[in-house]
Amino acid sequence: MPDEPATAVELEDQEPIEASEPAGLDPEAQERRSAALAQVRKFGDPVLRSPASPVSEFDRTLAGEVERMVSIMRDGIGVGLAATQLGRLRRVLVFQVGADAPATVMVNPEVEWSSDELIMAEEGCLSLPGVIVDVERPLHVRVQARDAGGGAFLVEASGLEARVIQHEIDHLDGVLILDRTTREQRRGALRALREGESYAPPRPDEGDDA
Ligand code: ZN
């Protein structure tokens, strides 16, 4: 899989992860989305800065939590969600890259290997409404995890999928995209969050009316 030509070009065309703003939702879907997003903890909530604990019981409580996470991710039209974002400090994440893809559940995920090859792309976060920043991450990763039943499995991911997994694992460590971008973008994003505005990285190539 690391040899697959997954790729800068493809990534640049992707919507920023987690927080893409879907167009053309019918009112009912919009309402479901708002209800889902209302359950996601937002920047300023200390839980987002707290490390999550490994899961040791693969029981019905976990199965219920996972089910809830998947439905909030789907209703919220997100591509990934970490338990931390729902205020649960447990090492559980879900992701779904592509509308038709099945949701993948990762319990106690560990990055076993990541490529030296890095790639920069825009990222958003359901916990940082209106904010998009540039984040550089390894292009390929190999991650070991357990499913909701406790079964071990390995995922080799590239491109957007690798990016989403790394973003969600960051949440489990109390790390946000603000910590992974430039100082300038962090400053701009923090100001926007404080003032309830939106933020996107400045693009010198866009518009020449300076
Ligand atoms: Zn996020």
# chains A, B, ... in the order shown; residues from 1 in each chain; ligands from 1
$ residues_near_ligand --ligand "ligand 1" --cutoff "9 Å" --atoms "only C-alpha atoms and all ligand atoms" --output "NGL selection string"
:A and (17-19 or 80-82 or 85 or 123-128 or 164 or 167-168 or 170-171 or 176-177)
$ residues_around --residues "Ala38 (chain A)" --least-positions-apart "4" --cutoff "12 Å" --atoms "only C-alpha atoms" --output "list of chain:residue names"
A:Glu31, A:Arg32, A:Arg33, A:Ser34, A:Lys42, A:Ile72, A:Met73, A:Asp75, A:Gly76, A:Gln85, A:Leu86, A:Leu126, A:Ser127, A:Pro129
$ residues_around --residues "Gly174 (chain A)" --least-positions-apart "6" --cutoff "9 Å" --atoms "only C-alpha atoms" --output "PyMOL selection string"
chain A and resi 47-52+84
$ write_last_selection --atoms "N, CA and C atoms" --output "PDB file, in the first residue's frame"
ATOM      1  N   VAL A  47     -11.653  18.910  28.277  1.00  0.00           N
ATOM      2  CA  VAL A  47     -11.584  17.485  27.940  1.00  0.00           C
ATOM      3  C   VAL A  47     -10.775  17.284  26.644  1.00  0.00           C
ATOM      4  N   LEU A  48     -10.818  18.267  25.756  1.00  0.00           N
ATOM      5  CA  LEU A  48     -10.108  18.135  24.471  1.00  0.00           C
ATOM      6  C   LEU A  48      -8.597  18.163  24.648  1.00  0.00           C
ATOM      7  N   ARG A  49      -8.154  18.600  25.811  1.00  0.00           N
ATOM      8  CA  ARG A  49      -6.718  18.671  26.088  1.00  0.00           C
ATOM      9  C   ARG A  49      -6.256  17.532  26.992  1.00  0.00           C
ATOM     10  N   SER A  50      -7.162  16.605  27.273  1.00  0.00           N
ATOM     11  CA  SER A  50      -6.822  15.526  28.202  1.00  0.00           C
ATOM     12  C   SER A  50      -6.528  14.232  27.464  1.00  0.00           C
ATOM     13  N   PRO A  51      -5.484  13.502  27.880  1.00  0.00           N
ATOM     14  CA  PRO A  51      -5.204  12.218  27.252  1.00  0.00           C
ATOM     15  C   PRO A  51      -6.249  11.176  27.639  1.00  0.00           C
ATOM     16  N   ALA A  52      -6.628  10.346  26.682  1.00  0.00           N
ATOM     17  CA  ALA A  52      -7.625   9.304  26.928  1.00  0.00           C
ATOM     18  C   ALA A  52      -6.952   8.022  27.411  1.00  0.00           C
ATOM     19  N   THR A  84     -13.001  11.285  22.739  1.00  0.00           N
ATOM     20  CA  THR A  84     -12.684  12.525  23.457  1.00  0.00           C
ATOM     21  C   THR A  84     -13.632  13.663  23.071  1.00  0.00           C
TER      22      THR A  84
END
$ atom_distance --atom1 "CA of Ala99 (chain A)" --atom2 "CA of Glu28 (chain A)"
17.9 Å
$ select_by_dssp --residues "region 63-195 of chain A" --states "helix (DSSP H, G or I)" --output "MDAnalysis selection string"
chainID A and resid 63:75 83:86 159:172 177:180 183:195
$ closest_residue --among "A:Val55, A:Ala29, A:Ala145, A:Val135" --to "Arg163 (chain A)" --atoms "only C-alpha atoms"
A:Val135
$ atom_distance --atom1 "CA of Gln96 (chain A)" --atom2 "CA of Gly24 (chain A)"
20.0 Å
$ closest_residue --among "A:Met120, A:Gly149, A:Val40, A:Gly78" --to "Val66 (chain A)" --atoms "only C-alpha atoms"
A:Gly149
$ residues_around --residues "Arg142 (chain A)" --least-positions-apart "6" --cutoff "12 Å" --atoms "only C-alpha atoms" --output "PyMOL selection string"
chain A and resi 1-2+109-115+153-158+161-163+165-166
$ write_last_selection --atoms "C-alpha atoms" --output "JSON list (two decimals), in the first residue's frame"
[["chain", "number", "residue", "atom", "x", "y", "z"],
["A", 1, "MET", "CA", 0.00, 0.00, 0.00],
["A", 2, "PRO", "CA", 2.77, 2.51, 0.73],
["A", 109, "PRO", "CA", -4.98, 2.41, 18.15],
["A", 110, "GLU", "CA", -1.18, 2.56, 17.96],
["A", 111, "VAL", "CA", 0.81, 3.93, 15.05],
["A", 112, "GLU", "CA", 3.25, 1.15, 14.36],
["A", 113, "TRP", "CA", 4.99, 2.81, 11.42],
["A", 114, "SER", "CA", 4.73, 6.08, 9.56],
["A", 115, "SER", "CA", 6.41, 7.17, 6.35],
["A", 153, "PHE", "CA", -6.28, -5.85, 13.27],
["A", 154, "LEU", "CA", -3.84, -3.82, 11.23],
["A", 155, "VAL", "CA", -4.62, -0.97, 8.86],
["A", 156, "GLU", "CA", -2.25, 0.33, 6.23],
["A", 157, "ALA", "CA", -3.50, 3.69, 5.12],
["A", 158, "SER", "CA", -2.40, 6.41, 2.76],
["A", 161, "GLU", "CA", -7.41, 7.91, 5.25],
["A", 162, "ALA", "CA", -3.96, 8.12, 6.87],
["A", 163, "ARG", "CA", -4.56, 11.77, 7.66],
["A", 165, "ILE", "CA", -6.56, 8.33, 11.46],
["A", 166, "GLN", "CA", -3.66, 10.50, 12.63]]
$ closest_residue --among "A:Asp147, A:Glu117, A:Glu136, A:Glu67" --to "Val105 (chain A)" --atoms "only C-alpha atoms"
A:Asp147
$ atom_distance --atom1 "CA of Arg91 (chain A)" --atom2 "CA of Pro54 (chain A)"
5.1 Å
$ select_by_dssp --residues "region 110-188 of chain A" --states "strand (DSSP E)" --output "PyMOL selection string"
chain A and resi 110-114+118-124+132-138+140-146+152-158
$ write_last_selection --atoms "C-alpha atoms" --output "PDB file, in the first residue's frame"
ATOM      1  CA  GLU A 110      -1.175   2.556  17.958  1.00  0.00           C
ATOM      2  CA  VAL A 111       0.808   3.928  15.051  1.00  0.00           C
ATOM      3  CA  GLU A 112       3.251   1.154  14.359  1.00  0.00           C
ATOM      4  CA  TRP A 113       4.991   2.809  11.425  1.00  0.00           C
ATOM      5  CA  SER A 114       4.727   6.079   9.562  1.00  0.00           C
ATOM      6  CA  LEU A 118       5.223  14.000   4.635  1.00  0.00           C
ATOM      7  CA  ILE A 119       2.415  15.888   3.014  1.00  0.00           C
ATOM      8  CA  MET A 120       0.753  19.184   3.796  1.00  0.00           C
ATOM      9  CA  ALA A 121      -3.010  19.571   3.513  1.00  0.00           C
ATOM     10  CA  GLU A 122      -5.821  21.599   4.993  1.00  0.00           C
ATOM     11  CA  GLU A 123      -7.597  20.188   8.018  1.00  0.00           C
ATOM     12  CA  GLY A 124     -10.690  21.192   9.880  1.00  0.00           C
ATOM     13  CA  ILE A 132      -9.161  25.368   8.721  1.00  0.00           C
ATOM     14  CA  VAL A 133      -5.371  25.226   8.987  1.00  0.00           C
ATOM     15  CA  ASP A 134      -2.519  23.574   7.106  1.00  0.00           C
ATOM     16  CA  VAL A 135      -1.152  20.462   8.767  1.00  0.00           C
ATOM     17  CA  GLU A 136       1.829  18.409   7.667  1.00  0.00           C
ATOM     18  CA  ARG A 137       1.663  14.687   8.357  1.00  0.00           C
ATOM     19  CA  PRO A 138       3.206  11.421   7.179  1.00  0.00           C
ATOM     20  CA  HIS A 140       1.419   6.651   4.909  1.00  0.00           C
ATOM     21  CA  VAL A 141       0.857   4.957   8.246  1.00  0.00           C
ATOM     22  CA  ARG A 142       0.451   1.460   9.583  1.00  0.00           C
ATOM     23  CA  VAL A 143      -1.784   1.325  12.632  1.00  0.00           C
ATOM     24  CA  GLN A 144      -2.563  -1.513  14.959  1.00  0.00           C
ATOM     25  CA  ALA A 145      -5.901  -1.481  16.758  1.00  0.00           C
ATOM     26  CA  ARG A 146      -8.704  -3.583  18.168  1.00  0.00           C
ATOM     27  CA  ALA A 152      -6.739  -7.148  16.793  1.00  0.00           C
ATOM     28  CA  PHE A 153      -6.278  -5.851  13.266  1.00  0.00           C
ATOM     29  CA  LEU A 154      -3.841  -3.823  11.235  1.00  0.00           C
ATOM     30  CA  VAL A 155      -4.623  -0.969   8.860  1.00  0.00           C
ATOM     31  CA  GLU A 156      -2.249   0.329   6.230  1.00  0.00           C
ATOM     32  CA  ALA A 157      -3.500   3.688   5.119  1.00  0.00           C
ATOM     33  CA  SER A 158      -2.401   6.414   2.756  1.00  0.00           C
TER      34      SER A 158
END
$ closest_residue --among "A:Leu139, A:Val92, A:Ile77, A:Val97" --to "Glu65 (chain A)" --atoms "only C-alpha atoms"
A:Val92
